Amino acid sequence: MASTMPNLRDPQPIRTRKKDLPFPLNIWQSAVGRKWVMAITGIGLIGFVLAHMAGNFKLYDSPAAVHEYAETLRVLGKPILPKYWALWILRFGLIAMFGLHIAAAYSTKELSRKASDGAGFISGEKSYPGGREYAAANYASRTMRWTGPIIMLYLVFHLADLTWGYLPHTDYVYGDPFGNVTRSLGNLPVAILYVIANVALAVHIFHGAWSMFQSLGVNNPKYNQARRGIAAGLAGVILVGNLSFPILTQAGVIDADDNPCREFVDSDANTECFEDILAKEGK
Amino acid sequence: MTATMDTPNKATSSALNSKVPEGDIATMWENHKFSMKLVNPNNKRKFTIIVVGTGLAGSSAAATLGELGYNVKAFTFHDSPRRAHSIAAQGGINAAKNYQNDGDSVHRLFYDTVKGGDYRSREANVHRLAEVSVNIIDQCAAQGVPFARDYGGLLDNRSFGGAQVSRTFYARGQTGQQLLLGAYSALNRQIQLGNVEMHNRKEMLDLVKKDGETCGIVVRDLLTGEVESHSAHAVVLATGGYGNVYYLSTNAMMCNVTAAWRAHRRGAFFANPCYTQIHPTCIPASEDHQSKLTLMSESLRNDGRIWVPTEFDDDRQAGDIPEGERDYYLERKYPAFGNLVPRDVASRNAKTVVDEGRGVGPLKNGVYLDFADAIARDGRATIEAKYGNLFDMYANITGEDPYKTPMRIYPATHYTMGGLWVDYHLMTTVPGTYAIGEANFSDHGANRLGASALMQGLADGYFVLPYTIGDYLADKLGDDVVSTDDPVFKTAEAEIADQTKMWLSLNGTKSPEHYHRELGKVVVDRIGMARDKVGLEKAIDEITSIEEEFKANVRVKGDATSMNTELEKVFRVADFFELAKVKARDALVREESCGGHFRVESQTEEGEALRDDENFSHVAAWEWHDADTVQTRHEEQLEFNNVKLSQRSYK
Amino acid sequence: MSEQTINLTLEVWRQNGPGDGGRFETYEAKDISVDASFLEMLDLVNERLIEEDKTPVTFESDCREGICGTCSLMINGQAHGPNKGQATCQLHMRTFSDGDHITVEPWRAASFPVIKDLAVSRAAFDKIQQAGGYITVSTGSAPDANLIPVPKEAADMAMDAAACIGCGACVAACPNSAAQLFTSAKIQQFNLLPQGQAERWKRTEAMVDTMEEYFGTCTNHGECYEACPKEISLDFIAFLNRDYVKAKIKNRKLAGQKS
């Protein structure tokens with residue numbers, strides 16, 4: 001038999017284990033550990049998504065409230081930490097979580113691909129030439145590797161659009177999140193993009209949140225029934241909440257014309273405008 | 001065939017030395033353990049032992065021998081030891097623990113087993129079995145076998161197979177599976193430690209001797225077709241029973257007699273081949289190409305009522321037959337025991353009514369097991385709680401709803417009490433070759449009690465063989481194993497290569513499966529639940545003629561250098577033909593009825609089995625000469641000093 | 001019971017050996033009794049092939065009552081066929097209708113190489129078991145069985161896990177070719193019992209690490225549970241994940257336990 005032939009009695013490992021690294025790095029060395037990391041970072045990221053959404057609800061309050069909220073984030077940790085420090089710490093945390101989440105996803109997928117070698121692949125997934133009938137795997141679970149990258153690509157766009165202000169359609173004004181958001185989402189293609197990305201996010205979370213319970217071993221017969229429900233509820237809340245922004249902007253409920261400082265395209269002047277309004281409100 | 005060939009040669013029992021120690025049966029095994037020779041722990045690694053078969057007996061023996069420090073080579077034709085057919089045993093395992101405080105004891109288990117075996121087993125072996133039964137449960141529980149527990153966390157027991165005490169331990173309906181997984185886990189530990197070398201997908205096709213003593217085996221690699229030799233100081237055969245000689249049985253598809261039979265051809269006597277247990281509650285065959293029969297737990301007879309129509313060839317549905325035209329034949333004939341008569345009695349009566357033409361079902365090959373009264377009495381929920389999984393299984397296989405229409409059942413071959421003759425040390429008549437588990441004949445006499453097969457397999461493997469094998473090996477210290485380059489191995493290898501070539505070149509017209517089925521029809525019909533002289537003589541002729549056709553006209557497709565299930569099969573079928581003939585001869589000579597062997601000529605006025613203790617209180621062990629000569633029948637007289645012989649009665 | 005028969009068209013995977021590419025071949029299966037099991041139908045197809053002097057289809061089976069785990073087969077893209085909680089040998093032809101097309105394929109995964117046609121090697125499962133699927137107790141050294149009470153719930157749940165027949169349907173059905181369901185059942189059978197506690201963490205690490213040498217990563221699709229003839233619960237996978245990460249910590253603390 002040729003050397004490439006599989007050994008039928010003593011199968012060749014598809015992955016050789018390296019020497020154990022010191023704790024806790026050894027957790028990362030195993031796929032189960034990586035799934036665990038993926039779940040933990042997933043919790044963090046879901047937390048971020050929820051906080052982000054809650055912050056966005058300020059859009060329904062007033063343009064000045066949005067400005068105030070943004071400012072609060074910048075001066076978080078004051079007076080212990082200088083301005084921006086806490087925000088950057090959080091951002092680094094987020095970046096790390098994203099990085100680990102993606103690295104874990106990519107590397108475990110590679111392992112699965114190796115484990116299915118010889119099984120024939122269709123669009124990156126193991127396939128049976130005679131066709132395959134799924135009984136449990138749902139749309140969400142089988143599209144994690146598509147919804148993930150969609151979310152990531154959208155995130156780059158979203159940052160370029162509303163954090164870095166690289167994109168022309170927004171007429172980005174630093175310090176005027178309300179203005180930036182309304183101008184951006186007032187643009188129909190951008191709103192559609194936003195909707196697509198958030199549907200992908202909800203689908204991702206629908207499987208991810210349930211999967212997280214499994215990966216972490218959160219398992220109690222009393223509550224197991226609830227796990228699917230929690231995942232669906234979480235995905236639903238995020239879907240409804242996040243979709244409300246582009247839809248209601250397009251519908252005119254959130255209106256760029258409501259922005260009292262829309263005249264000020266210079267950052268400092270704009271900030272001053274909002275500070276004045278806030279001062280009048282007695283804050 | 002010449003006349004002399006049909007009459008077996010008679011021989012005295014001098015060839016058979018059972019080596020049963022002297023003394024009181026209650027202390028015999030303890031004393032004997034002390035008097036046997038021991039192998040020093042440091043010397044054990046100098047011995048190589050081959051274990052063939054990895055069911056309950058084989059796995060437990062291989063693991064234990066590995067733990068003791070021997071070099072063990074274990075062989076299975078399965079892909080993994082965990083697939084052996086021990087896995088299918090449902091009911092449970094007996095042990096004289098007396099946890100239920102209902103008066104059980106080693107002596108009672110011993111007594112019940114000898115009596116249940118219809119006084120055709122060797123007292124000393126049975127007593128030892130009862131003694132070590134308690135250790136088995138300890139061992140298995142410690143291994144993590146998930147036995148059923150009561151709410152206090154202690155082990156639960158049930159009464160099984162008509163026993164008067166609750167001594168059966170169980171793990172749902174999968175006791176065999178769980179015990180095998182336990183033995184397999186012990187084996188895995190030894191494989192991991194390097195004490196046991198596991199050879200899967202290799203089938204033993206010959207036993208090799210040098211100077212009259214065992215020196216190894218020849219196997220065929222089922223993946224590559226290569227024939228290879230393995231040498232050892234001793235060979236342990238744990239290769240199961242021969243129930244598949246009936247073609248349709250509750251055995252697995254691959255169960256066969258080949259390893260034991262090849263050992264028989266090399267000089268191991270084959271004992272009591274006529275003893276077969278037929279289990280009464282199996283699902284009848286539903287079509288001509290049925291491949292096996294499925295057993296349902298005997299417990300169904302606790303609540304189900306067995307009946308057939310009083311009319312012959314009654315084509316009505318069960319529900320259309322009025323009460324007055326139903327014959328509850330077991331209740332009628334055996335008012336005291338009713339539907340709970342022992343397995344052999346229930347089986348034989350079912351055969352009688354079906355043979356009369358009162359069978360039920362489309363093929364008229366079953367009897368009704370009716371739960372209508374039980375459901376009316378206890379309610380459907382109660383019956384469902386007790387037998388739900390069995391009812392589901394029945395519904396799946398037959399497509400009928402047993403809650404609405406009565407089940408149909410018919411007896412099927414289930415276990416073989418006969419096997420390779422062994423002495424008290426479990427050694428066959430070939431020095432250095434041992435047989436354990438269902439492969440030997442020793443403990444069940446003419447009929448096995450329910451939940452005793454698992455007990456015997458594990459007793460032999462865990463607690464008996466590992467002691468007794470040392471007694472043989474101790475004298476071999478310093479002897480090297482025979483090289484596999486030795487002519488004895490080369491000759492055996494060449495024979496198998498020749499046989500392989502012969503089968504592949506025949507290019508007949510019918511598959512091995514076809515001939516197996518044809519053989520099975522004769523064996524079921526003539527050497528089944530009831531046997532008579534004329535039928536048995538006819539059976540020998542019929543088997544011989546089918547065998548001749550088989551050897552001329554079988555077609556084995558495929559090649560000899562890759563996996564070839566047809567080639568595997570043809571070797572096994574060939575051995576079944578030879579076994580079937582000696583089975584018929586054994587049944588012919590044993591002109592008495594005992595346990596699973598019912599000779600129509602030997603029955604009481606009421607139609608019950610009638611033993612002939614004066615002439616047949618012995619083990620019949622057959623000695624092979626060659627393919628053209630009838631085997632010689634040897635007798636080992638059985639002595640009963642601790643139980644009183646009595647005739648069974650269930651009236 | 002009926003004596004009805006049906007006619008079917010089979011698309012069967014044929015492959016000469018592990019190195020061969022393999023292909024589908026079409027066979028007509030005529031006059032198949034609806035009471036036959038799926039494997040008996042294949043037996044009949046094979047007998048007819050032999051009569052036509054063609055090489056029969058190689059497939060594996062043994063007990064044919066759903067307990068030994070030898071049989072396999074992807075039937076119409078589903079491991080062990082369409083019915084839940086059944087092995088292929090328990091699948092009866094009455095599940096199908098006259099004129100149906102049925103595709104039959106072997107299990108597929110890198111560590112389940114095809115031996116021939118529909119037979120695959122599942123030796124990797126034994127490797128996982130050998131890595132730690134046992135409780136170290138040599139013959140004869142066990143204490144009385146009732147010395148250690150086992151709570152009924154633990155015994156029952158251990159039995160649920162121990163019901164696994166090691167057929168490999170979970171790996172076959174898994175889009176990732178992961179063996180989590182099998183491995184978790186084998187680990188938890190011991191981890192749930194008092195007898196299994198001494199080696200719990202070492203066992204979990206050893207068996208999971210070995211599993212990952214041969215199989216893919218669980219992404220919690222749940223296909224394995226749907227395919228499992230014994231309906232082993234996904235909860236055991238959650239237990240495995242928890243015990244594995246715990247083991248990393250415990251094994252560090254209990255350095256004396258490490259081999």
# chains A, B, ... in the order shown; residues from 1 in each chain; ligands from 1
>>> interface_residues(of="chain A", to="chain B", cutoff="12 Å", atoms="only C-alpha atoms", output="ChimeraX atom specification")
/A:1,7-10
>>> residues_around(residues="range 394-411 of chain B", least_positions_apart="3", cutoff="6 Å", atoms="only C-alpha atoms", output="list in words")
Ile278, His279, Pro280, Thr281, Cys282, Ile283, Pro284, Ser347, Gly366, Val367, Tyr368, Leu369, Asp370 and Phe391 of chain B
>>> interface_residues(of="chain B", to="chain C", cutoff="7 Å", atoms="only C-alpha atoms", output="PyMOL selection string")
chain B and resi 64+67+83+85+87-88+137-139+141-144+146+148-155+185-186+188-189+191-192+251-254+286+289-291+294+398-400+462+509-511+557-558+563+565
>>> write_last_selection(atoms="C-alpha atoms", output="CSV table (one decimal), in the first residue's frame")
chain,number,residue,atom,x,y,z
B,64,THR,CA,-6.8,-10.3,33.7
B,67,GLU,CA,-2.9,-7.5,34.6
B,83,ARG,CA,-18.9,-5.7,19.1
B,85,HIS,CA,-22.3,-10.8,20.6
B,87,ILE,CA,-23.4,-7.4,23.9
B,88,ALA,CA,-26.9,-8.5,22.9
B,137,ILE,CA,-20.6,-8.4,40.7
B,138,ASP,CA,-17.9,-6.7,42.9
B,139,GLN,CA,-15.5,-6.5,40.0
B,141,ALA,CA,-19.5,-2.5,39.9
B,142,ALA,CA,-16.0,-1.2,40.6
B,143,GLN,CA,-15.4,-1.0,36.8
B,144,GLY,CA,-18.3,1.4,36.5
B,146,PRO,CA,-24.1,1.1,35.7
B,148,ALA,CA,-29.7,-0.8,38.3
B,149,ARG,CA,-29.9,0.7,41.8
B,150,ASP,CA,-32.6,1.3,44.3
B,151,TYR,CA,-33.2,4.7,45.9
B,152,GLY,CA,-30.7,4.0,48.7
B,153,GLY,CA,-28.0,3.7,46.0
B,154,LEU,CA,-27.6,-0.1,46.6
B,155,LEU,CA,-27.8,-2.7,43.9
B,185,SER,CA,-12.6,-1.1,29.4
B,186,ALA,CA,-10.4,-3.4,31.5
B,188,ASN,CA,-8.4,-1.2,26.9
B,189,ARG,CA,-6.4,-0.4,30.0
B,191,ILE,CA,-3.8,-2.4,25.7
B,192,GLN,CA,-2.8,1.1,26.7
B,251,ASN,CA,-27.2,-15.0,17.3
B,252,ALA,CA,-25.4,-12.3,15.4
B,253,MET,CA,-24.7,-12.7,11.7
B,254,MET,CA,-21.0,-13.4,12.2
B,286,SER,CA,-41.9,-12.9,8.4
B,289,HIS,CA,-35.1,-13.9,3.2
B,290,GLN,CA,-35.2,-13.2,6.9
B,291,SER,CA,-31.6,-13.1,8.2
B,294,THR,CA,-35.1,-11.3,17.5
B,398,THR,CA,-43.6,-6.5,12.6
B,399,GLY,CA,-45.5,-3.3,11.8
B,400,GLU,CA,-48.3,-4.4,14.1
B,462,TYR,CA,-11.9,-13.1,35.4
B,509,THR,CA,-23.9,-20.6,-9.0
B,510,LYS,CA,-25.1,-20.0,-5.5
B,511,SER,CA,-23.9,-17.9,-2.6
B,557,LYS,CA,-17.0,-13.6,-5.5
B,558,GLY,CA,-14.2,-11.1,-4.9
B,563,MET,CA,-11.9,-7.4,2.5
B,565,THR,CA,-17.2,-11.0,3.4
>>> interface_residues(of="chain A", to="chain C", cutoff="8 Å", atoms="only C-alpha atoms", output="PDB file with C-alpha atoms, in the first residue's frame")
ATOM      1  CA  MET A   5      -3.171   5.217   1.947  1.00  0.00           C
ATOM      2  CA  PRO A   6      -5.012   5.434   5.241  1.00  0.00           C
ATOM      3  CA  LEU A   8      -7.172   0.944   8.536  1.00  0.00           C
ATOM      4  CA  ARG A   9      -6.061  -0.482  11.892  1.00  0.00           C
ATOM      5  CA  ASP A  10      -3.941   2.289  13.282  1.00  0.00           C
ATOM      6  CA  PRO A  11      -5.360   5.540  11.954  1.00  0.00           C
ATOM      7  CA  GLN A  12      -3.034   8.456  11.424  1.00  0.00           C
ATOM      8  CA  PRO A  13      -3.866  11.468  13.576  1.00  0.00           C
ATOM      9  CA  ILE A  14      -5.069  14.482  11.628  1.00  0.00           C
ATOM     10  CA  ARG A  15      -3.462  16.737  14.197  1.00  0.00           C
ATOM     11  CA  THR A  16      -0.500  16.016  16.418  1.00  0.00           C
ATOM     12  CA  ARG A  17      -0.534  17.373  19.914  1.00  0.00           C
ATOM     13  CA  PHE A  23      -1.830  27.089  32.355  1.00  0.00           C
ATOM     14  CA  PRO A  24      -3.947  28.853  31.080  1.00  0.00           C
ATOM     15  CA  ASN A  26      -2.971  24.966  27.559  1.00  0.00           C
ATOM     16  CA  ILE A  27      -6.684  25.679  27.360  1.00  0.00           C
ATOM     17  CA  SER A  30      -7.320  22.203  22.540  1.00  0.00           C
ATOM     18  CA  ALA A  31     -10.331  22.704  20.340  1.00  0.00           C
ATOM     19  CA  VAL A  32     -12.628  22.288  23.324  1.00  0.00           C
ATOM     20  CA  GLY A  33     -10.656  25.030  25.044  1.00  0.00           C
ATOM     21  CA  TRP A  36     -14.643  27.771  25.505  1.00  0.00           C
ATOM     22  CA  THR A 108     -11.347  25.057  14.799  1.00  0.00           C
ATOM     23  CA  LYS A 109     -12.937  25.236  11.381  1.00  0.00           C
ATOM     24  CA  LEU A 111      -9.483  21.251  12.208  1.00  0.00           C
ATOM     25  CA  SER A 112     -12.966  20.226  11.140  1.00  0.00           C
ATOM     26  CA  ARG A 113     -12.000  20.587   7.528  1.00  0.00           C
ATOM     27  CA  LYS A 114      -9.057  18.254   8.076  1.00  0.00           C
ATOM     28  CA  ALA A 115     -11.285  15.846   9.961  1.00  0.00           C
ATOM     29  CA  SER A 116     -13.618  15.661   7.004  1.00  0.00           C
ATOM     30  CA  ASP A 117     -10.864  15.195   4.465  1.00  0.00           C
ATOM     31  CA  GLY A 118     -11.878  12.777   1.789  1.00  0.00           C
ATOM     32  CA  ALA A 119     -15.528  13.435   2.413  1.00  0.00           C
ATOM     33  CA  GLU A 125     -18.555  22.072   4.363  1.00  0.00           C
ATOM     34  CA  LYS A 126     -18.278  18.312   4.437  1.00  0.00           C
ATOM     35  CA  SER A 127     -20.685  16.839   1.982  1.00  0.00           C
ATOM     36  CA  TYR A 128     -22.044  13.536   0.843  1.00  0.00           C
ATOM     37  CA  GLY A 130     -25.363  11.445  -2.691  1.00  0.00           C
ATOM     38  CA  GLY A 131     -26.856  14.448  -0.934  1.00  0.00           C
ATOM     39  CA  ARG A 132     -27.437  15.299   2.661  1.00  0.00           C
ATOM     40  CA  GLU A 133     -30.555  15.640   4.723  1.00  0.00           C
ATOM     41  CA  TYR A 134     -30.200  17.769   7.837  1.00  0.00           C
ATOM     42  CA  ALA A 135     -32.350  16.946  10.809  1.00  0.00           C
ATOM     43  CA  ALA A 136     -31.174  19.365  13.481  1.00  0.00           C
ATOM     44  CA  ALA A 137     -28.611  21.721  12.038  1.00  0.00           C
ATOM     45  CA  ASN A 138     -30.525  24.857  11.228  1.00  0.00           C
ATOM     46  CA  SER A 141     -25.827  26.960  12.807  1.00  0.00           C
ATOM     47  CA  ARG A 142     -24.721  26.150   9.297  1.00  0.00           C
ATOM     48  CA  SER A 211     -23.977  27.146  21.461  1.00  0.00           C
ATOM     49  CA  PHE A 213     -24.266  27.299  26.891  1.00  0.00           C
ATOM     50  CA  GLN A 214     -23.079  24.003  25.439  1.00  0.00           C
ATOM     51  CA  SER A 215     -19.455  25.063  25.025  1.00  0.00           C
ATOM     52  CA  LEU A 216     -19.241  26.338  28.568  1.00  0.00           C
ATOM     53  CA  GLY A 217     -21.010  23.288  29.886  1.00  0.00           C
ATOM     54  CA  VAL A 218     -23.793  25.310  31.436  1.00  0.00           C
ATOM     55  CA  ASN A 219     -26.058  22.408  31.842  1.00  0.00           C
TER      56      ASN A 219
END
>>> residues_around(residues="Leu50 in chain A", least_positions_apart="4", cutoff="10 Å", atoms="only C-alpha atoms", output="PyMOL selection string")
chain A and resi 44-46+54-56+234+237-238+241-242
>>> write_last_selection(atoms="C-alpha atoms", output="compact mmCIF listing (two decimals), in the first residue's frame")
# COMPACT_ATOMS: atom_id res chain seq x y z
CA GLY A 44 -18.38 39.78 26.02
CA LEU A 45 -19.31 40.66 22.47
CA ILE A 46 -23.00 40.13 23.08
CA ALA A 54 -28.82 50.68 24.70
CA GLY A 55 -26.59 53.66 23.96
CA ASN A 56 -28.20 54.04 20.57
CA LEU A 234 -31.62 37.58 22.83
CA VAL A 237 -34.24 41.79 21.11
CA ILE A 238 -31.07 42.68 19.27
CA GLY A 241 -33.64 47.08 18.66
CA ASN A 242 -30.95 47.47 16.06
>>> residues_around(residues="range 298-307 of chain B", least_positions_apart="4", cutoff="10 Å", atoms="only C-alpha atoms", output="PyMOL selection string")
chain B and resi 91+159-162+279-282+326-331+338-341+343+346+350+353+358-360+366-375+378+383+386-387+390-391+406-409+450
>>> residues_around(residues="Phe489 in chain B", least_positions_apart="4", cutoff="12 Å", atoms="only C-alpha atoms", output="list in words")
Leu205, Asp206, Leu207, Val208, Lys209, Lys210, Thr214, Cys215, Gly216, Ile217, Val218, Val219, Val227, Glu228, Ser229, His230, Ser231, Ala232, Val482, Ser483, Thr484, Asp485, Glu493, Ala494, Glu495 and Ile496 of chain B
>>> select_by_dssp(residues="range 20-211 of chain C", states="strand (DSSP E)", output="list of chain:residue names")
C:Arg23, C:Phe24, C:Glu25, C:Thr26, C:Tyr27, C:Glu28, C:Ala29, C:Lys30, C:Asp31, C:Ile32, C:Ser33, C:Met74, C:Ile75, C:Gln78, C:Ala79, C:His101, C:Ile102, C:Thr103, C:Val104, C:Glu105, C:Val114, C:Ile115, C:Lys116, C:Ala119, C:Val120
>>> residues_around(residues="range 62-73 of chain A", least_positions_apart="3", cutoff="8 Å", atoms="only C-alpha atoms", output="ChimeraX atom specification")
/A:55-56,58-59,76,84,87,175-179,258-260,274,277-278
>>> write_last_selection(atoms="C-alpha atoms", output="PDB file, in the first residue's frame")
ATOM      1  CA  GLY A  55     -26.592  53.665  23.958  1.00  0.00           C
ATOM      2  CA  ASN A  56     -28.196  54.040  20.566  1.00  0.00           C
ATOM      3  CA  LYS A  58     -30.467  57.807  23.173  1.00  0.00           C
ATOM      4  CA  LEU A  59     -31.333  58.651  19.562  1.00  0.00           C
ATOM      5  CA  LEU A  76     -15.256  57.264  31.737  1.00  0.00           C
ATOM      6  CA  TYR A  84     -10.038  58.483  26.723  1.00  0.00           C
ATOM      7  CA  LEU A  87     -12.518  54.029  26.606  1.00  0.00           C
ATOM      8  CA  GLY A 175     -18.715  65.079  18.517  1.00  0.00           C
ATOM      9  CA  ASP A 176     -22.060  64.973  16.747  1.00  0.00           C
ATOM     10  CA  PRO A 177     -23.046  61.332  16.767  1.00  0.00           C
ATOM     11  CA  PHE A 178     -26.707  62.172  16.227  1.00  0.00           C
ATOM     12  CA  GLY A 179     -25.914  64.122  13.155  1.00  0.00           C
ATOM     13  CA  ASP A 258     -34.220  67.639  14.664  1.00  0.00           C
ATOM     14  CA  ASN A 259     -30.537  68.249  15.279  1.00  0.00           C
ATOM     15  CA  PRO A 260     -30.263  71.773  16.727  1.00  0.00           C
ATOM     16  CA  PHE A 274     -24.335  70.999  22.408  1.00  0.00           C
ATOM     17  CA  ILE A 277     -27.940  73.283  25.098  1.00  0.00           C
ATOM     18  CA  LEU A 278     -26.999  70.930  27.924  1.00  0.00           C
TER      19      LEU A 278
END
>>> residues_around(residues="Ile192 in chain A", least_positions_apart="3", cutoff="12 Å", atoms="only C-alpha atoms", output="PDB file with N, CA and C atoms, in the first residue's frame")
ATOM      1  N   TYR A 154     -18.873  44.347   7.879  1.00  0.00           N
ATOM      2  CA  TYR A 154     -19.743  45.481   8.171  1.00  0.00           C
ATOM      3  C   TYR A 154     -19.125  46.351   9.268  1.00  0.00           C
ATOM      4  N   SER A 184     -25.963  59.362   7.918  1.00  0.00           N
ATOM      5  CA  SER A 184     -25.543  58.092   7.325  1.00  0.00           C
ATOM      6  C   SER A 184     -26.743  57.194   7.016  1.00  0.00           C
ATOM      7  N   LEU A 185     -27.601  57.014   8.016  1.00  0.00           N
ATOM      8  CA  LEU A 185     -28.734  56.093   7.821  1.00  0.00           C
ATOM      9  C   LEU A 185     -29.823  56.694   6.954  1.00  0.00           C
ATOM     10  N   GLY A 186     -29.749  57.989   6.783  1.00  0.00           N
ATOM     11  CA  GLY A 186     -30.699  58.632   5.879  1.00  0.00           C
ATOM     12  C   GLY A 186     -30.414  58.233   4.435  1.00  0.00           C
ATOM     13  N   ASN A 187     -29.227  57.717   4.234  1.00  0.00           N
ATOM     14  CA  ASN A 187     -28.812  57.251   2.932  1.00  0.00           C
ATOM     15  C   ASN A 187     -29.335  55.825   2.745  1.00  0.00           C
ATOM     16  N   LEU A 188     -30.214  55.587   1.770  1.00  0.00           N
ATOM     17  CA  LEU A 188     -30.896  54.285   1.663  1.00  0.00           C
ATOM     18  C   LEU A 188     -29.948  53.086   1.533  1.00  0.00           C
ATOM     19  N   PRO A 189     -28.954  53.125   0.641  1.00  0.00           N
ATOM     20  CA  PRO A 189     -28.048  51.963   0.561  1.00  0.00           C
ATOM     21  C   PRO A 189     -27.375  51.659   1.896  1.00  0.00           C
ATOM     22  N   VAL A 195     -29.286  46.989   7.760  1.00  0.00           N
ATOM     23  CA  VAL A 195     -30.303  45.955   8.009  1.00  0.00           C
ATOM     24  C   VAL A 195     -29.712  44.563   7.753  1.00  0.00           C
ATOM     25  N   ILE A 196     -29.035  44.417   6.640  1.00  0.00           N
ATOM     26  CA  ILE A 196     -28.455  43.104   6.297  1.00  0.00           C
ATOM     27  C   ILE A 196     -27.497  42.654   7.408  1.00  0.00           C
ATOM     28  N   ALA A 197     -26.626  43.568   7.820  1.00  0.00           N
ATOM     29  CA  ALA A 197     -25.613  43.213   8.818  1.00  0.00           C
ATOM     30  C   ALA A 197     -26.264  42.815  10.136  1.00  0.00           C
ATOM     31  N   ASN A 198     -27.326  43.512  10.500  1.00  0.00           N
ATOM     32  CA  ASN A 198     -27.944  43.195  11.782  1.00  0.00           C
ATOM     33  C   ASN A 198     -28.783  41.928  11.745  1.00  0.00           C
ATOM     34  N   VAL A 199     -29.332  41.624  10.579  1.00  0.00           N
ATOM     35  CA  VAL A 199     -29.996  40.325  10.445  1.00  0.00           C
ATOM     36  C   VAL A 199     -28.939  39.230  10.604  1.00  0.00           C
ATOM     37  N   LEU A 243     -32.612  47.097  14.351  1.00  0.00           N
ATOM     38  CA  LEU A 243     -33.248  47.426  13.079  1.00  0.00           C
ATOM     39  C   LEU A 243     -34.105  48.675  13.174  1.00  0.00           C
ATOM     40  N   PHE A 245     -33.283  51.465  14.230  1.00  0.00           N
ATOM     41  CA  PHE A 245     -32.569  52.708  13.881  1.00  0.00           C
ATOM     42  C   PHE A 245     -32.630  53.028  12.389  1.00  0.00           C
ATOM     43  N   PRO A 246     -32.194  52.132  11.509  1.00  0.00           N
ATOM     44  CA  PRO A 246     -32.258  52.494  10.089  1.00  0.00           C
ATOM     45  C   PRO A 246     -33.694  52.660   9.603  1.00  0.00           C
ATOM     46  N   ILE A 247     -34.578  51.765  10.102  1.00  0.00           N
ATOM     47  CA  ILE A 247     -35.951  51.817   9.590  1.00  0.00           C
ATOM     48  C   ILE A 247     -36.618  53.127   9.989  1.00  0.00           C
ATOM     49  N   THR A 249     -35.138  55.837  10.871  1.00  0.00           N
ATOM     50  CA  THR A 249     -34.493  56.985  10.226  1.00  0.00           C
ATOM     51  C   THR A 249     -35.066  57.183   8.838  1.00  0.00           C
ATOM     52  N   GLN A 250     -35.179  56.034   8.135  1.00  0.00           N
ATOM     53  CA  GLN A 250     -35.751  56.112   6.791  1.00  0.00           C
ATOM     54  C   GLN A 250     -37.185  56.605   6.852  1.00  0.00           C
TER      55      GLN A 250
END
>>> closest_residue(among="B:Leu65, B:Ala580, B:Leu237, B:Ala451", to="Ser166 in chain B", atoms="only C-alpha atoms")
B:Ala451
>>> select_by_dssp(residues="range 119-236 of chain C", states="helix (DSSP H, G or I)", output="number ranges by chain")
C: 123-130, 152-162, 169-173, 180-191, 194-196, 200-214, 223-227, 235-236
>>> atom_distance(atom1="CA of Ala96 in chain B", atom2="CA of Leu179 in chain B")
17.3 Å
